[in-house]
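K.L.:
Below is structure_33.txt; it holds compact mmCIF, C-alpha atoms and all ligand atoms.
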```txt
# COMPACT_ATOMS: atom_id res chain seq x y z
CA MET A 142 57.24 210.60 110.49
CA LYS A 143 59.21 208.77 113.17
CA VAL A 144 62.39 206.99 112.13
CA LEU A 145 64.48 204.52 114.09
CA VAL A 146 68.16 204.04 113.22
CA ILE A 147 69.92 200.82 114.26
CA GLY A 148 73.61 201.18 115.12
CA SER A 149 76.09 203.22 117.12
CA GLY A 150 78.91 204.26 114.76
CA GLY A 151 79.91 207.30 112.75
CA ARG A 152 77.84 205.97 109.86
CA GLU A 153 74.69 205.89 112.01
CA HIS A 154 75.42 209.38 113.35
CA ALA A 155 75.67 210.55 109.73
CA ILE A 156 72.32 208.88 108.94
CA CYS A 157 70.70 210.61 111.95
CA TYR A 158 72.30 213.94 110.95
CA LYS A 159 70.76 213.66 107.49
CA LEU A 160 67.36 212.54 108.80
CA ASN A 161 67.41 215.46 111.24
CA GLN A 162 67.51 217.85 108.25
CA SER A 163 64.28 216.39 106.84
CA SER A 164 61.11 218.41 107.29
CA ARG A 165 59.21 215.10 107.16
CA VAL A 166 60.96 213.63 110.21
CA GLU A 167 59.42 214.59 113.55
CA LYS A 168 61.41 212.24 115.80
CA ILE A 169 64.49 210.01 115.53
CA TYR A 170 65.26 207.01 117.72
CA ALA A 171 68.68 205.38 117.80
CA VAL A 172 69.35 201.85 119.01
CA PRO A 173 71.73 201.85 120.81
CA GLY A 174 73.21 205.17 119.54
CA ASN A 175 76.12 207.15 121.00
CA ALA A 176 76.80 210.49 122.69
CA GLY A 177 76.65 212.43 119.40
CA MET A 178 73.44 210.82 118.22
CA ALA A 179 71.90 211.54 121.65
CA LYS A 180 71.84 215.26 120.73
CA ILE A 181 69.36 214.66 117.91
CA ALA A 182 67.81 211.28 118.65
CA GLN A 183 66.35 209.40 121.59
CA CYS A 184 68.85 206.61 122.26
CA ILE A 185 67.56 203.29 123.57
CA ASP A 186 70.04 200.74 124.83
CA VAL A 187 69.52 197.48 122.99
CA LYS A 188 72.82 195.92 121.98
CA ILE A 189 73.11 194.52 118.48
CA GLY A 190 73.58 190.77 118.76
CA GLU A 191 72.23 190.47 122.32
CA GLU A 192 69.62 187.83 122.98
CA GLN A 193 66.29 188.54 121.28
CA TYR A 194 67.45 191.89 119.92
CA PHE A 195 65.06 191.73 116.97
CA GLU A 196 62.11 191.32 119.31
CA LYS A 197 63.32 194.14 121.56
CA ILE A 198 63.69 196.55 118.62
CA LYS A 199 60.29 195.52 117.27
CA GLU A 200 58.75 196.28 120.68
CA ILE A 201 60.20 199.82 120.56
CA VAL A 202 58.95 200.32 116.99
CA GLU A 203 55.43 199.22 117.93
CA LYS A 204 55.30 201.12 121.23
CA GLU A 205 56.63 204.38 119.76
CA LYS A 206 54.71 204.00 116.47
CA VAL A 207 57.87 204.28 114.39
CA ASP A 208 57.14 204.59 110.66
CA LEU A 209 60.50 203.52 109.25
CA THR A 210 63.53 201.62 110.52
CA PHE A 211 66.92 202.28 108.89
CA VAL A 212 69.53 199.57 109.50
CA GLY A 213 73.10 200.91 109.72
CA PRO A 214 75.43 197.92 110.23
CA GLU A 215 75.72 194.57 108.50
CA ILE A 216 75.17 192.19 111.43
CA PRO A 217 71.38 192.70 111.79
CA LEU A 218 71.00 192.48 107.99
CA VAL A 219 72.95 189.24 107.75
CA ASP A 220 71.01 187.96 110.79
CA GLY A 221 67.74 188.63 108.91
CA ILE A 222 66.16 191.64 110.63
CA VAL A 223 64.59 192.79 107.37
CA ASN A 224 62.84 189.43 106.88
CA TYR A 225 61.66 189.57 110.51
CA PHE A 226 60.27 193.12 110.20
CA ASN A 227 58.62 192.37 106.85
CA ASP A 228 56.98 189.24 108.32
CA ASN A 229 55.57 191.49 111.03
CA GLY A 230 54.31 194.14 108.60
CA LEU A 231 56.88 196.79 109.66
CA LYS A 232 58.66 199.14 107.26
CA ILE A 233 62.43 198.70 107.21
CA PHE A 234 65.24 199.74 104.86
CA GLY A 235 67.96 197.25 103.97
CA PRO A 236 68.42 193.98 102.08
CA SER A 237 66.90 190.66 103.16
CA LYS A 238 69.02 187.96 104.77
CA GLU A 239 69.22 186.14 101.43
CA ALA A 240 70.56 189.23 99.64
CA ALA A 241 72.83 190.22 102.56
CA LEU A 242 74.75 186.96 102.20
CA ILE A 243 76.80 188.78 99.58
CA GLU A 244 78.56 190.45 102.52
CA GLY A 245 77.92 187.71 105.09
CA SER A 246 80.05 185.18 103.20
CA LYS A 247 83.08 186.17 101.14
CA ILE A 248 83.01 182.70 99.56
CA PHE A 249 79.38 183.17 98.49
CA ALA A 250 80.31 186.58 97.03
CA LYS A 251 83.26 185.14 95.06
CA GLU A 252 81.22 182.24 93.69
CA PHE A 253 78.40 184.66 92.82
CA MET A 254 80.86 186.81 90.84
CA ASP A 255 82.16 183.70 89.06
CA ARG A 256 78.61 182.71 88.10
CA HIS A 257 77.86 186.16 86.68
CA GLY A 258 81.17 187.00 85.02
CA ILE A 259 81.90 189.90 87.40
CA PRO A 260 85.64 190.72 87.54
CA THR A 261 87.34 189.91 90.85
CA PRO A 262 90.88 188.83 91.82
CA ASN A 263 91.64 185.08 91.59
CA TYR A 264 91.19 183.11 94.79
CA LYS A 265 91.04 179.71 96.44
CA VAL A 266 88.93 178.53 99.38
CA PHE A 267 90.39 176.62 102.34
CA GLU A 268 88.92 174.94 105.42
CA GLU A 269 92.02 173.19 106.70
CA SER A 270 95.26 175.00 107.45
CA LYS A 271 97.54 172.23 106.14
CA TYR A 272 96.20 172.71 102.58
CA ALA A 273 96.44 176.49 102.90
CA PHE A 274 100.05 176.24 104.11
CA ALA A 275 100.91 174.06 101.11
CA TYR A 276 99.24 176.55 98.73
CA ILE A 277 101.17 179.59 99.98
CA LYS A 278 104.59 177.92 99.69
CA GLY A 279 106.49 179.64 96.92
CA HIS A 280 103.47 181.81 96.01
CA GLU A 281 103.99 185.33 94.76
CA TYR A 282 103.60 188.00 97.50
CA PRO A 283 101.79 190.02 98.76
CA LEU A 284 98.91 187.61 99.19
CA VAL A 285 95.55 188.32 100.80
CA VAL A 286 94.01 186.05 103.43
CA LYS A 287 90.33 186.74 104.11
CA TYR A 288 88.08 185.24 106.73
CA ASP A 289 84.81 184.09 105.15
CA GLY A 290 82.44 185.66 107.70
CA LEU A 291 81.85 189.09 109.22
CA ALA A 292 84.77 190.64 111.10
CA ALA A 293 84.19 194.43 111.20
CA GLY A 294 86.86 195.04 108.56
CA LYS A 295 89.45 193.11 110.55
CA GLY A 296 89.17 189.77 108.72
CA VAL A 297 91.41 190.80 105.81
CA PHE A 298 95.17 190.22 106.10
CA ILE A 299 97.51 191.58 103.46
CA CYS A 300 100.58 189.37 103.85
CA LYS A 301 103.96 190.51 102.59
CA ASN A 302 105.62 187.09 102.89
CA GLU A 303 105.04 183.45 103.77
CA GLU A 304 105.59 184.04 107.48
CA GLU A 305 102.79 186.63 107.64
CA ALA A 306 100.48 184.44 105.55
CA THR A 307 101.16 181.43 107.81
CA GLN A 308 100.33 183.55 110.85
CA ALA A 309 97.07 184.84 109.27
CA ILE A 310 95.94 181.35 108.22
CA SER A 311 96.79 179.91 111.61
CA SER A 312 94.99 182.64 113.52
CA VAL A 313 91.72 182.02 111.65
CA LEU A 314 91.75 178.28 111.00
CA ASP A 315 93.66 176.97 114.04
CA GLU A 316 93.34 179.61 116.77
CA LYS A 317 89.81 180.44 115.53
CA ILE A 318 90.05 184.12 116.45
CA PHE A 319 86.70 184.79 114.79
CA GLY A 320 84.90 181.99 116.62
CA ARG A 321 84.11 178.39 115.88
CA ASP A 322 80.96 178.57 113.74
CA ASN A 323 82.56 179.47 110.44
CA GLN A 324 86.04 178.14 109.77
CA LYS A 325 86.80 178.98 106.18
CA ILE A 326 89.11 181.40 104.44
CA ILE A 327 89.83 182.67 100.99
CA ILE A 328 93.37 183.21 99.78
CA GLU A 329 93.23 185.88 97.11
CA ASN A 330 95.84 187.26 94.73
CA PHE A 331 96.87 190.79 95.70
CA GLU A 332 96.01 193.45 93.12
CA LYS A 333 97.92 196.71 92.93
CA GLY A 334 95.97 199.86 92.26
CA GLN A 335 93.69 202.46 93.77
CA GLU A 336 90.83 201.32 95.99
CA ILE A 337 87.46 202.90 95.21
CA SER A 338 84.23 202.79 97.19
CA LEU A 339 81.17 203.11 95.00
CA LEU A 340 77.81 202.93 96.73
CA ALA A 341 74.35 202.85 95.23
CA PHE A 342 70.74 202.94 96.34
CA SER A 343 68.92 199.94 94.88
CA ASP A 344 65.22 199.16 94.57
CA GLY A 345 65.95 195.59 93.46
CA HIS A 346 65.67 196.37 89.74
CA ASN A 347 67.33 199.76 89.25
CA VAL A 348 70.00 201.75 91.03
CA ALA A 349 71.03 205.34 91.77
CA CYS A 350 74.77 205.74 92.34
CA MET A 351 76.07 207.90 95.14
CA PRO A 352 79.16 210.05 94.53
CA SER A 353 82.43 208.10 94.53
CA SER A 354 84.66 207.97 97.59
CA GLN A 355 87.90 206.47 98.86
CA ASP A 356 88.45 204.82 102.24
CA HIS A 357 91.80 204.37 104.07
CA LYS A 358 91.65 200.92 105.61
CA ARG A 359 95.10 200.52 107.17
CA ILE A 360 95.81 201.97 110.59
CA PHE A 361 98.98 203.92 109.76
CA ASP A 362 100.04 206.57 107.24
CA GLY A 363 101.20 205.31 103.86
CA ASP A 364 98.78 202.35 104.08
CA LYS A 365 100.93 200.56 106.65
CA GLY A 366 99.87 198.29 109.51
CA PRO A 367 96.80 196.09 109.93
CA ASN A 368 93.38 196.67 108.40
CA THR A 369 90.76 198.56 110.38
CA GLY A 370 87.10 199.41 109.78
CA GLY A 371 88.38 202.55 107.98
CA MET A 372 90.52 205.46 109.20
CA GLY A 373 89.23 208.21 106.93
CA ALA A 374 87.59 208.91 103.61
CA TYR A 375 86.84 211.62 101.09
CA SER A 376 84.35 212.23 98.31
CA PRO A 377 84.35 212.62 95.37
CA PHE A 378 87.31 210.55 94.21
CA PRO A 379 88.51 212.37 91.04
CA LEU A 380 89.75 209.11 89.48
CA VAL A 381 86.13 208.05 89.00
CA GLY A 382 85.22 210.00 85.88
CA THR A 383 82.38 209.37 83.45
CA GLN A 384 84.15 206.59 81.56
CA LEU A 385 85.20 204.62 84.64
CA LEU A 386 81.77 205.04 86.20
CA LYS A 387 80.19 203.65 83.04
CA GLU A 388 82.53 200.66 83.16
CA ILE A 389 81.73 200.01 86.83
CA LYS A 390 78.00 200.21 86.16
CA ASN A 391 78.03 197.97 83.09
CA LYS A 392 80.53 195.35 84.23
CA ILE A 393 79.82 195.26 87.94
CA LEU A 394 76.85 197.14 89.36
CA PHE A 395 74.09 196.18 86.90
CA PRO A 396 75.20 192.51 86.63
CA THR A 397 75.27 192.32 90.45
CA ILE A 398 71.73 193.65 90.90
CA GLN A 399 70.44 191.53 88.01
CA GLY A 400 72.32 188.44 89.20
CA LEU A 401 70.89 188.75 92.71
CA LYS A 402 67.40 189.20 91.26
CA ASP A 403 67.82 186.17 88.98
CA GLU A 404 68.92 184.08 91.94
CA GLY A 405 65.84 185.04 93.95
CA ARG A 406 67.74 187.46 96.23
CA LEU A 407 66.10 190.77 95.23
CA TYR A 408 68.40 193.53 96.53
CA VAL A 409 66.68 196.49 98.17
CA GLY A 410 68.94 198.82 100.15
CA VAL A 411 72.38 200.34 99.84
CA LEU A 412 74.89 198.25 97.90
CA TYR A 413 78.56 199.06 98.51
CA LEU A 414 81.13 198.02 95.92
CA GLY A 415 84.68 197.85 97.26
CA LEU A 416 86.75 198.07 94.07
CA ILE A 417 90.35 198.04 92.92
CA LYS A 418 91.39 199.89 89.78
CA ASN A 419 94.64 198.96 88.12
CA LYS A 420 95.82 200.40 84.83
CA ASP A 421 93.73 198.01 82.72
CA GLU A 422 90.71 197.02 84.70
CA VAL A 423 88.44 197.51 87.69
CA LYS A 424 87.61 194.53 89.90
CA VAL A 425 85.50 193.82 92.99
CA LEU A 426 87.41 193.29 96.23
CA GLU A 427 84.28 193.06 98.37
CA TYR A 428 80.58 193.74 98.55
CA ASN A 429 78.99 195.37 101.57
CA VAL A 430 75.25 195.50 102.11
CA ARG A 431 75.00 198.89 103.82
CA LEU A 432 76.53 202.33 103.83
CA GLY A 433 80.28 202.32 104.39
CA ASP A 434 81.84 203.71 107.52
CA PRO A 435 83.53 206.24 107.21
CA GLU A 436 82.22 206.61 103.62
CA ALA A 437 78.72 207.53 104.87
CA GLN A 438 80.30 210.42 106.75
CA VAL A 439 81.58 211.99 103.52
CA ILE A 440 78.70 211.03 101.24
CA LEU A 441 75.61 211.89 103.30
CA PRO A 442 76.68 215.52 104.00
CA ARG A 443 76.67 215.94 100.19
CA LEU A 444 73.09 214.63 99.78
CA GLU A 445 70.62 217.43 99.07
CA THR A 446 67.52 215.31 98.56
CA ASP A 447 65.54 214.26 101.63
CA LEU A 448 66.94 210.87 102.71
CA THR A 449 63.47 209.57 103.59
CA GLU A 450 62.33 210.22 100.01
CA VAL A 451 65.27 208.24 98.66
CA VAL A 452 64.49 205.35 101.02
CA GLU A 453 60.83 205.38 100.06
CA ALA A 454 61.78 205.31 96.36
CA CYS A 455 63.84 202.16 97.03
CA LEU A 456 61.02 200.54 98.97
CA SER A 457 58.43 201.35 96.27
CA GLU A 458 60.59 200.16 93.35
CA SER A 459 60.81 203.67 91.90
CA ILE A 460 64.45 204.70 92.38
CA ASN A 461 64.58 205.67 88.68
CA GLU A 462 62.11 208.48 89.37
CA ALA A 463 63.82 209.79 92.50
CA ASN A 464 66.00 212.52 90.89
CA ILE A 465 68.54 212.52 93.72
CA LYS A 466 70.60 215.71 94.07
CA TRP A 467 74.13 216.01 95.51
CA ASN A 468 76.03 219.20 96.31
CA SER A 469 79.23 219.90 94.40
CA LYS A 470 81.45 220.32 97.49
CA SER A 471 84.20 217.93 98.49
CA CYS A 472 83.99 216.24 101.84
CA LEU A 473 86.77 214.64 103.90
CA CYS A 474 86.67 212.73 107.17
CA VAL A 475 89.54 211.81 109.50
CA VAL A 476 88.84 209.13 112.08
CA LEU A 477 90.20 209.62 115.60
CA ALA A 478 90.76 206.23 117.21
CA SER A 479 91.72 204.88 120.62
CA GLU A 480 95.29 203.85 121.36
CA GLY A 481 95.73 200.16 120.48
CA TYR A 482 92.93 200.02 117.87
CA PRO A 483 92.41 197.82 115.79
CA GLY A 484 93.73 195.60 118.60
CA SER A 485 92.60 195.96 122.21
CA TYR A 486 92.11 199.45 123.64
CA LYS A 487 90.93 201.17 126.80
CA LYS A 488 87.62 203.02 127.12
CA GLY A 489 86.45 205.87 129.32
CA LYS A 490 88.95 208.57 128.29
CA GLU A 491 87.48 212.06 128.50
CA ILE A 492 87.16 213.82 125.13
CA LYS A 493 87.89 217.55 125.09
CA GLY A 494 87.56 220.28 122.49
CA LEU A 495 84.37 219.14 120.79
CA ASP A 496 83.02 222.71 120.81
CA ILE A 497 85.31 223.47 117.83
CA GLU A 498 82.36 222.24 115.75
CA ASP A 499 80.54 225.51 116.49
CA GLN A 500 83.52 227.64 115.49
CA ILE A 501 84.29 226.33 111.99
CA ASP A 502 81.79 226.47 109.12
CA ASP A 503 80.97 223.21 107.39
CA LEU A 504 82.68 221.13 110.08
CA ILE A 505 80.76 218.15 111.42
CA ILE A 506 81.96 215.91 114.24
CA PHE A 507 80.42 212.48 113.82
CA HIS A 508 80.58 210.36 116.95
CA ALA A 509 81.30 206.62 116.89
CA GLY A 510 82.62 205.03 120.11
CA THR A 511 81.50 207.73 122.56
CA LYS A 512 79.19 207.83 125.54
CA ILE A 513 78.06 210.27 128.19
CA GLU A 514 79.40 209.60 131.69
CA GLU A 515 78.66 212.01 134.53
CA ASP A 516 78.15 214.97 132.16
CA LYS A 517 81.36 214.22 130.29
CA ILE A 518 81.79 212.69 126.86
CA VAL A 519 84.17 209.74 127.04
CA THR A 520 85.60 207.20 124.61
CA ASN A 521 83.66 203.97 124.30
CA GLY A 522 85.10 202.16 121.28
CA GLY A 523 87.98 201.73 118.84
CA ARG A 524 86.93 204.34 116.35
CA VAL A 525 85.84 207.31 118.42
CA LEU A 526 85.11 210.35 116.21
CA GLY A 527 84.93 211.22 112.50
CA ILE A 528 86.13 214.79 112.01
CA THR A 529 84.41 215.76 108.79
CA ALA A 530 84.74 218.93 106.73
CA LEU A 531 83.19 220.20 103.52
CA GLY A 532 85.15 222.48 101.21
CA GLU A 533 85.38 223.75 97.67
CA ASP A 534 87.89 220.98 96.92
CA ILE A 535 89.58 218.10 98.73
CA PHE A 536 92.57 220.25 99.77
CA LYS A 537 90.34 222.83 101.48
CA ALA A 538 88.22 220.15 103.17
CA LYS A 539 91.41 218.45 104.37
CA GLU A 540 92.91 221.64 105.76
CA LYS A 541 89.74 222.36 107.70
CA ALA A 542 89.44 218.84 109.15
CA TYR A 543 93.07 218.78 110.35
CA GLN A 544 92.79 222.32 111.73
CA ALA A 545 89.88 221.12 113.89
CA ILE A 546 91.74 217.98 115.01
CA LYS A 547 94.42 220.16 116.63
CA LYS A 548 91.78 221.30 119.13
CA ILE A 549 90.31 217.89 119.97
CA TYR A 550 91.96 215.63 122.49
CA PHE A 551 91.64 212.40 124.42
CA GLU A 552 94.42 210.33 125.99
CA GLY A 553 95.98 207.96 123.45
CA VAL A 554 94.26 209.53 120.42
CA GLN A 555 95.63 208.21 117.10
CA TYR A 556 94.77 209.20 113.54
CA ARG A 557 96.26 209.19 110.07
CA SER A 558 97.75 212.41 108.78
CA ASP A 559 97.53 211.49 105.08
CA ILE A 560 93.80 211.23 104.44
CA GLY A 561 93.10 212.50 100.93
CA ASP A 562 96.70 212.38 99.72
CA LYS A 563 95.91 209.78 97.04
CA ALA A 564 93.07 211.83 95.57
CA TYR A 565 95.19 212.99 92.64
CA ALA A 566 97.92 210.28 92.77
N1 LIG A 601 84.85 201.49 105.16
C1 LIG A 601 84.70 200.10 104.91
C2 LIG A 601 83.42 199.55 105.29
O1 LIG A 601 82.50 200.25 105.62
O2 LIG A 601 83.28 198.34 105.26
```
If you took the structure in this file and wrote it as structure tokens, what would it be?
P.N.:
Amino acid sequence: MKVLVIGSGGREHAICYKLNQSSRVEKIYAVPGNAGMAKIAQCIDVKIGEEQYFEKIKEIVEKEKVDLTFVGPEIPLVDGIVNYFNDNGLKIFGPSKEAALIEGSKIFAKEFMDRHGIPTPNYKVFEESKYAFAYIKGHEYPLVVKYDGLAAGKGVFICKNEEEATQAISSVLDEKIFGRDNQKIIIENFEKGQEISLLAFSDGHNVACMPSSQDHKRIFDGDKGPNTGGMGAYSPFPLVGTQLLKEIKNKILFPTIQGLKDEGRLYVGVLYLGLIKNKDEVKVLEYNVRLGDPEAQVILPRLETDLTEVVEACLSESINEANIKWNSKSCLCVVLASEGYPGSYKKGKEIKGLDIEDQIDDLIIFHAGTKIEEDKIVTNGGRVLGITALGEDIFKAKEKAYQAIKKIYFEGVQYRSDIGDKAYA
């Protein structure tokens, strides 16, 4: 079969990597792809969000006789690419626009959780800064300010005091840093605890959980600095044992899938639960409607079952029969980012040392913001590479990933040195 993957990040490289292992897949296309994906897929340059991008991708699918399209990022899902493909009789994996709203609007997600009794931190919605400023006066800190719409992980501000909260509110509601269409925020109570990423394949009625993982969202060591798309991850997360998993399924995952179904938003695709576990309870911080990035980079290398079979089980409402197998190794990924990320950064820096991948067993270099320029691989984004290693345990995987990083270089490279340190905290 021929499969087309939409996206250009480390997550999409991990999807292509897994599809490339399938004996059923004869050719992979990536739109637009990156320098790493170009080694295993034919990359075609249609930018996500450009004018008529649905139509352009559909043209490729029809011309190349693609059998299945796998959507990596959230923007096409929230924009409704699955509805568009289904209306045109084309096979695509991901939730519909109606179901994807659970990521597309944080306010919708919060109100959905309220309707279905799903635990989530307390919050208030604001459209005008003057009411938000009044609310934060004298409030307990930290406090979390979240932009309602999509912001590539950068719309969440964890504010240590009133000054930071005022700045966050102002930037979204007055300066409109995320554009003018959607001007709403949530102000959410901060919850202490361990963040957990739990992802599941859903066929709309039933789910198959993937192994647990933990992301590292802040830019600097010790969870300092602004939020990013994710600076590293590992799987499994030992905190998520049988009992906690049961609680997450019964209190969160099943009610979410059932609630979406009851509201006429049947959920087919990957559902990502961003959770916080304190000593008493586990709550939902956010829903995402696709594989996480970098979580995909530590989960997919552990998948033993053919990814196309899992996707087909979701699309044919038979995920319960899929019998998905995962290997027992641990996997850890460290993201190498450009200087300045998650703020502005320069592109075009030559990347050296990538051949280390051939010298270390079970090391995978997933590309994100990279491109080929005059026979060189250069940086082309904020998050550039995901240095991913498998090992018998998290310590061994970590050692291997950081050993490889010593050999990889581009000007201004930044990364966290503490990925995995909270695994047994
Ligand atoms: N790693 C966070 C996300 O994928 O949204």
K.L.:
Using all atoms listed in the file, which of A:Gly415, A:Gly148, A:Pro173, A:Gly553 sits nearest Gly213 of chain A?
P.N.:
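The shortest atom-to-atom distance to Gly213 of chain A comes from A:Gly148.
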K.L.:
Quick one: everything within 9 Å of Pro217 of chain A, counting only C-alpha atoms, minus sequence neighbours fewer than 4 positions away in the same chain. Send it as a ChimeraX atom specification.
P.N.:
/A:147,189-190,195,212-213,221-223,238
K.L.:
Name the residues, by chain letter and number, that sit within 10 Å of ligand LIG 601 (chain A) using all atoms listed in the file, and give them as an MDAnalysis selection string.
P.N.:
chainID A and resid 152 214:215 244 292:295 338 354:358 368:374 413:415 427:437
K.L.:
From the options A:Gln335, A:Asn461, A:Asn521, A:Thr261, which residue's atoms come nearest to Lys490 of chain A, counting all atoms listed in the file?
P.N.:
A:Asn521
K.L.:
For each of A:Gly258, A:Gly489, A:Gly481, A:Gly532, take the minimum atom-to-atom distance to Thr520 of chain A, counting all atoms listed in the file, then give the residue where this is smallest.
P.N.:
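Distance minimum relative to Thr520 of chain A lands on A:Gly489.
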K.L.:
Box for segment 254-272 of chain A: with edges along x, y and z, all listed atoms inside and 6 Å added on each side, what are the centre and edge lengths in Å to one decimal, as AutoDock Vina command-line options?
P.N.:
```
--center_x 87.7 --center_y 181.5 --center_z 96.2 --size_x 31.7 --size_y 30.5 --size_z 34.4
```
K.L.:
Please report the interatomic distance between atom CA of Val476 of chain A and atom CA of Leu441 of chain A in Å with one decimal.
P.N.:
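Interatomic distance here is 16.1 Å.
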K.L.:
Using all atoms listed in the file, find the one residue out of A:Tyr543, A:Phe253, A:Tyr408, A:Tyr482 that sits nearest to Asp344 of chain A.
P.N.:
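Distance minimum relative to Asp344 of chain A lands on A:Tyr408.
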K.L.:
So how many Å separate atom CA of Gly494 of chain A and atom CA of Ile513 of chain A, to one decimal?
P.N.:
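We find that atom CA of Gly494 of chain A and atom CA of Ile513 of chain A lie 14.9 Å from each other.
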K.L.:
Excluding Val187 of chain A and its own-chain neighbours fewer than 2 positions away, which residues fall within 12 Å of it when counting only C-alpha atoms? Please give them as a PyMOL selection string.
P.N.:
chain A and resi 146-149+170-175+184-185+189-201
K.L.:
Pick out the closest residue to Gln324 of chain A from this set: A:Lys287, A:Arg359, A:Lys402, A:Arg443. Count only C-alpha atoms.
P.N.:
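The shortest atom-to-atom distance to Gln324 of chain A comes from A:Lys287.
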K.L.:
Any idea what the distance is between atom CA of Pro283 of chain A and atom CA of Ile328 of chain A?
P.N.:
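Interatomic distance here is 10.9 Å.
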K.L.:
For Ala306 of chain A, please output as number ranges by chain all residues within 9 Å (counting only C-alpha atoms; exclusion window: fewer than 2 positions along the same chain).
P.N.:
A: 274, 277, 283-286, 298-304, 308-311
K.L.:
Using all atoms listed in the file for the distances, tell me which of A:Asn347, A:Ser558, A:Asn263, A:Asn391 is nearest to Ile360 of chain A.
P.N.:
A:Ser558
K.L.:
Could you name the residues that touch Phe378 of chain A at 12 Å or less, counting all atoms listed in the file, but leaving out those on the same chain fewer than 6 positions away, as number ranges by chain?
P.N.:
A: 335-339, 351-356, 385-386, 436, 439-440, 470-473, 534-535, 561-566
K.L.:
Output C-alpha atoms for every residue in the selection just made, as a PDB file, keeping the file's coordinate frame.
P.N.:
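And here's again.pdb as it stands now:
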```
ATOM      1  CA  GLN A 335      93.690 202.460  93.770  1.00  0.00           C
ATOM      2  CA  GLU A 336      90.830 201.320  95.990  1.00  0.00           C
ATOM      3  CA  ILE A 337      87.460 202.900  95.210  1.00  0.00           C
ATOM      4  CA  SER A 338      84.230 202.790  97.190  1.00  0.00           C
ATOM      5  CA  LEU A 339      81.170 203.110  95.000  1.00  0.00           C
ATOM      6  CA  MET A 351      76.070 207.900  95.140  1.00  0.00           C
ATOM      7  CA  PRO A 352      79.160 210.050  94.530  1.00  0.00           C
ATOM      8  CA  SER A 353      82.430 208.100  94.530  1.00  0.00           C
ATOM      9  CA  SER A 354      84.660 207.970  97.590  1.00  0.00           C
ATOM     10  CA  GLN A 355      87.900 206.470  98.860  1.00  0.00           C
ATOM     11  CA  ASP A 356      88.450 204.820 102.240  1.00  0.00           C
ATOM     12  CA  LEU A 385      85.200 204.620  84.640  1.00  0.00           C
ATOM     13  CA  LEU A 386      81.770 205.040  86.200  1.00  0.00           C
ATOM     14  CA  GLU A 436      82.220 206.610 103.620  1.00  0.00           C
ATOM     15  CA  VAL A 439      81.580 211.990 103.520  1.00  0.00           C
ATOM     16  CA  ILE A 440      78.700 211.030 101.240  1.00  0.00           C
ATOM     17  CA  LYS A 470      81.450 220.320  97.490  1.00  0.00           C
ATOM     18  CA  SER A 471      84.200 217.930  98.490  1.00  0.00           C
ATOM     19  CA  CYS A 472      83.990 216.240 101.840  1.00  0.00           C
ATOM     20  CA  LEU A 473      86.770 214.640 103.900  1.00  0.00           C
ATOM     21  CA  ASP A 534      87.890 220.980  96.920  1.00  0.00           C
ATOM     22  CA  ILE A 535      89.580 218.100  98.730  1.00  0.00           C
ATOM     23  CA  GLY A 561      93.100 212.500 100.930  1.00  0.00           C
ATOM     24  CA  ASP A 562      96.700 212.380  99.720  1.00  0.00           C
ATOM     25  CA  LYS A 563      95.910 209.780  97.040  1.00  0.00           C
ATOM     26  CA  ALA A 564      93.070 211.830  95.570  1.00  0.00           C
ATOM     27  CA  TYR A 565      95.190 212.990  92.640  1.00  0.00           C
ATOM     28  CA  ALA A 566      97.920 210.280  92.770  1.00  0.00           C
TER      29      ALA A 566
END
```
K.L.:
Excluding Gly150 of chain A and any residue of its chain fewer than 5 positions from it, enumerate the residues within 7 Å of it, using only C-alpha atoms, and give them as a list of chain:residue names.
P.N.:
A:His508, A:Ala509, A:Gly510
